[in-house]
$ cat query-v3.txt   # compact mmCIF, C-alpha atoms
# COMPACT_ATOMS: atom_id res chain seq x y z
CA MET W 165 164.27 235.30 144.67
CA ILE W 166 160.46 235.40 144.56
CA VAL W 167 158.72 232.07 144.14
CA VAL W 168 155.27 232.36 142.64
CA ILE W 169 153.33 229.16 143.23
CA THR W 170 150.36 227.77 141.39
CA PRO W 171 147.39 225.85 142.84
CA THR W 172 149.05 222.60 141.68
CA THR W 173 152.41 223.34 143.30
CA PRO W 174 153.39 220.55 145.73
CA GLN W 175 152.34 221.40 149.26
CA ASN W 176 155.83 220.85 150.64
CA LEU W 177 157.34 223.64 148.51
CA THR W 178 158.45 226.57 150.65
CA ALA W 179 157.68 229.80 148.87
CA THR W 180 159.77 232.87 149.48
CA ARG W 181 157.55 235.41 151.16
CA LEU W 182 156.62 238.50 149.23
CA SER W 183 155.71 241.76 150.90
CA LEU W 184 152.23 243.13 150.32
CA ALA W 185 153.70 246.23 148.66
CA ASP W 186 155.70 244.09 146.22
CA TYR W 187 152.64 241.93 145.52
CA ARG W 188 150.63 244.99 144.60
CA VAL W 189 153.36 246.16 142.23
CA LEU W 190 153.38 242.69 140.67
CA SER W 191 149.59 242.69 140.29
CA GLU W 192 149.66 246.06 138.54
CA HIS W 193 152.21 244.99 135.94
CA SER W 194 151.55 241.30 135.33
CA PRO W 195 149.18 240.04 132.63
CA GLU W 196 148.26 237.20 135.00
CA ARG W 197 146.14 237.50 138.11
CA HIS W 198 147.73 236.50 141.41
CA GLU W 199 146.23 235.76 144.78
CA TYR W 200 148.04 236.98 147.88
CA ARG W 201 147.89 234.61 150.88
CA ASP W 202 149.63 236.28 153.80
CA GLY W 203 152.96 236.52 151.99
CA GLU W 204 152.63 233.80 149.38
CA VAL W 205 151.69 234.62 145.82
CA ILE W 206 149.63 232.17 143.80
CA VAL W 207 148.99 232.39 140.08
CA MET W 208 145.27 232.26 139.34
CA PRO W 209 144.57 229.83 136.48
CA GLY W 210 142.86 231.03 133.34
CA GLY W 211 139.33 230.00 132.56
CA SER W 212 138.01 227.69 129.86
CA GLU W 213 135.60 228.67 127.10
CA VAL W 214 132.70 227.19 129.07
CA HIS W 215 133.82 229.03 132.22
CA SER W 216 133.87 232.31 130.32
CA ALA W 217 130.49 231.67 128.71
CA ILE W 218 128.81 230.89 132.04
CA MET W 219 130.14 234.08 133.59
CA SER W 220 129.14 236.15 130.56
CA ASN W 221 125.62 234.74 130.74
CA LEU W 222 125.32 235.56 134.43
CA LEU W 223 126.82 239.04 134.08
CA ILE W 224 124.43 239.94 131.28
CA TYR W 225 121.33 238.56 132.98
CA LEU W 226 122.08 239.99 136.42
CA GLY W 227 123.12 243.27 134.88
CA PHE W 228 119.66 243.54 133.33
CA LEU W 229 117.87 242.59 136.58
CA LEU W 230 119.89 244.98 138.74
CA ARG W 231 120.00 247.96 136.37
CA ASP W 232 117.64 250.17 138.44
CA THR W 233 118.87 249.13 141.89
CA ASP W 234 121.64 250.14 144.26
CA PHE W 235 123.48 246.85 143.66
CA ARG W 236 126.78 246.98 141.79
CA LEU W 237 127.94 244.02 139.73
CA TYR W 238 131.64 243.27 139.14
CA GLY W 239 133.52 240.71 137.08
CA SER W 240 136.79 239.01 137.91
CA ASP W 241 139.17 241.97 137.63
CA LEU W 242 138.44 243.65 140.96
CA ARG W 243 140.32 242.22 143.94
CA ILE W 244 138.65 241.34 147.23
CA TRP W 245 140.77 242.11 150.29
CA ILE W 246 140.16 239.86 153.31
CA PRO W 247 141.78 241.54 156.34
CA ALA W 248 141.40 238.65 158.79
CA PHE W 249 143.57 236.44 156.56
CA GLN W 250 145.76 239.09 154.90
CA CYS W 251 144.45 237.74 151.62
CA GLY W 252 143.86 239.46 148.31
CA THR W 253 141.84 237.33 145.92
CA TYR W 254 139.53 237.42 142.92
CA ALA W 255 136.02 236.03 142.51
CA ASP W 256 134.52 235.18 139.15
CA LEU W 257 131.67 237.56 139.94
CA MET W 258 130.52 239.60 142.91
CA VAL W 259 127.76 242.00 143.82
CA ILE W 260 128.11 244.88 146.27
CA ALA W 261 125.19 246.65 147.91
CA GLY W 262 125.57 250.39 147.44
CA GLU W 263 129.00 251.97 147.35
CA PRO W 264 132.07 249.72 147.31
CA GLU W 265 134.12 249.94 150.49
CA LEU W 266 137.69 250.39 149.30
CA ASN W 267 140.71 249.11 151.19
CA GLY W 268 142.32 252.35 152.35
CA ASP W 269 143.52 254.36 149.37
CA ARG W 270 143.41 251.38 147.01
CA ASN W 271 140.98 251.65 144.09
CA ASP W 272 141.53 248.01 143.10
CA GLU W 273 140.61 246.29 146.39
CA VAL W 274 137.16 246.10 147.97
CA LEU W 275 136.06 244.88 151.39
CA ASN W 276 132.30 244.46 151.16
CA PRO W 277 131.02 241.87 148.68
CA LEU W 278 127.46 240.76 149.32
CA LEU W 279 127.16 237.93 146.79
CA ILE W 280 130.13 235.97 145.41
CA VAL W 281 130.06 233.52 142.50
CA GLU W 282 132.75 230.98 141.60
CA VAL W 283 132.71 228.70 138.55
CA LEU W 284 134.37 225.46 139.61
CA SER W 285 137.40 224.04 137.83
CA PRO W 286 139.49 220.97 138.68
CA SER W 287 142.46 223.02 139.89
CA THR W 288 140.47 225.33 142.19
CA GLU W 289 137.34 223.43 143.26
CA ALA W 290 138.68 222.17 146.59
CA TYR W 291 139.97 225.64 147.49
CA ASP W 292 136.73 227.38 146.43
CA ARG W 293 134.69 224.98 148.56
CA GLY W 294 136.98 224.99 151.57
CA GLU W 295 139.64 227.52 152.50
CA LYS W 296 138.45 230.27 150.19
CA PHE W 297 134.86 230.00 151.43
CA LYS W 298 136.19 230.15 155.01
CA LYS W 299 138.06 233.35 154.19
CA TYR W 300 135.08 234.91 152.46
CA ARG W 301 132.92 234.21 155.52
CA SER W 302 135.11 236.48 157.64
CA LEU W 303 133.74 239.45 155.65
CA THR W 304 130.70 240.81 157.50
CA SER W 305 128.96 241.95 154.30
CA PHE W 306 129.17 238.52 152.64
CA CYS W 307 125.97 236.48 152.85
CA GLU W 308 125.49 234.49 149.64
CA TYR W 309 127.79 232.15 147.71
CA LEU W 310 127.23 230.30 144.44
CA LEU W 311 129.37 227.45 143.13
CA ILE W 312 128.62 226.65 139.49
CA SER W 313 129.67 223.48 137.69
CA GLN W 314 131.18 223.71 134.21
CA THR W 315 130.27 220.14 133.28
CA GLU W 316 126.57 219.81 134.17
CA PRO W 317 123.57 221.95 135.12
CA TYR W 318 124.47 222.04 138.78
CA ILE W 319 124.68 225.01 141.14
CA GLU W 320 125.25 224.96 144.88
CA GLN W 321 123.98 227.92 146.87
CA PHE W 322 124.97 228.93 150.38
CA TYR W 323 123.01 231.69 152.09
CA ASN W 324 123.54 233.11 155.57
CA ARG W 325 120.10 233.92 156.92
CA ASP W 326 121.52 235.44 160.12
CA SER W 327 121.36 239.22 159.74
CA ALA W 328 123.81 239.59 162.62
CA GLY W 329 126.49 237.98 160.47
CA ARG W 330 126.93 234.80 162.47
CA ASP W 331 127.79 231.64 160.52
CA ARG W 332 124.37 230.09 160.03
CA TRP W 333 124.48 229.08 156.41
CA GLN W 334 121.71 227.31 154.52
CA TRP W 335 122.64 225.06 151.60
CA GLN W 336 120.59 224.29 148.51
CA ASP W 337 121.39 222.79 145.15
CA TYR W 338 119.85 223.21 141.70
CA THR W 339 120.25 220.22 139.43
CA THR W 340 118.19 220.62 136.27
CA LEU W 341 117.68 223.32 133.67
CA ASP W 342 114.04 223.76 134.63
CA HIS W 343 115.06 225.07 138.07
CA VAL W 344 114.93 228.74 138.93
CA LEU W 345 117.65 230.08 141.21
CA THR W 346 116.46 232.49 143.90
CA LEU W 347 119.17 234.93 144.95
CA HIS W 348 118.04 235.90 148.43
CA SER W 349 120.54 238.72 148.91
CA LEU W 350 119.36 240.45 145.72
CA ASN W 351 115.69 239.42 145.81
CA VAL W 352 115.78 238.24 142.20
CA GLU W 353 115.29 234.94 140.39
CA VAL W 354 117.48 233.51 137.64
CA PRO W 355 116.45 230.51 135.51
CA LEU W 356 119.29 228.02 135.08
CA THR W 357 118.71 228.23 131.34
CA GLU W 358 120.08 231.79 131.53
CA ILE W 359 123.31 230.61 133.18
CA CYS W 360 124.26 227.19 131.87
CA CYS W 361 125.66 226.83 128.39
CA SER W 362 124.03 224.78 125.68
CA GLY W 363 125.07 221.16 126.05
CA VAL W 364 126.15 221.56 129.72
$ encode --input "query-v3.txt" --output "structure tokens"
Amino acid sequence: MIVVITPTTPQNLTATRLSLADYRVLSEHSPERHEYRDGEVIVMPGGSEVHSAIMSNLLIYLGFLLRDTDFRLYGSDLRIWIPAFQCGTYADLMVIAGEPELNGDRNDEVLNPLLIVEVLSPSTEAYDRGEKFKKYRSLTSFCEYLLISQTEPYIEQFYNRDSAGRDRWQWQDYTTLDHVLTLHSLNVEVPLTEICCSGV
């Protein structure tokens, strides 16, 4: 029997391990998204209306800014493969510089995100801040991370200024709607008013 666990599953539950091949079959046929964590399969929770609106705002605005560049913008349907952790996961948004580096012959798994964005929710916030960020940092292309609150105008930005890929991350937060977010990896600026929803 395959046990698919959710982020709220008790930590002491032992999940039956699922092969990577079986996980990929599951991901191709399931209406839900699942994260693969070295044999365990975790259901990715759905987003709220505010979550969806924030991501739509950012996709539209960044899409406009990046339209004549070599950057490629992707929503939450394309899986990121993290070889060091045997992990297949999804970000709310990512940007790749130039051509996507595919994982072998897979056309649904990429290896080279530059910028990753996560909108925080109660069920995933601790993971996004901790273990997931640790996994992302093992990808040599990855150098900028945004964590966006759903409940207030608040964005945390992590940027690795070390071009050699060593872990030397700088942190900054943006706390009011009159702030302008500078995305160092893309060399663009985004006003918070273009991201945050009315009333947030």
$ atom_distance --input "query-v3.txt" --atom1 "CA of Leu310 in chain W" --atom2 "CA of Ile206 in chain W"
22.5 Å
$ residues_around --input "query-v3.txt" --residues "Arg188 in chain W" --least-positions-apart "6" --cutoff "12 Å" --atoms "all atoms listed in the file" --output "list of chain:residue names"
W:Leu182, W:Ser194, W:Arg197, W:His198, W:Glu199, W:Tyr200, W:Gly203, W:Val205, W:Arg243, W:Trp245, W:Cys251, W:Gly252, W:Thr253, W:Arg270, W:Asn271, W:Asp272, W:Glu273
$ closest_residue --input "query-v3.txt" --among "W:Tyr238, W:Tyr291, W:Tyr309, W:Tyr225" --to "Val274 in chain W" --atoms "only C-alpha atoms"
W:Tyr238
$ closest_residue --input "query-v3.txt" --among "W:Glu316, W:Glu289, W:Asp186, W:Asp331" --to "Arg301 in chain W" --atoms "all atoms listed in the file"
W:Asp331
$ closest_residue --input "query-v3.txt" --among "W:Ser183, W:Ser212, W:Gln334, W:Thr357" --to "Ser287 in chain W" --atoms "only C-alpha atoms"
W:Ser212
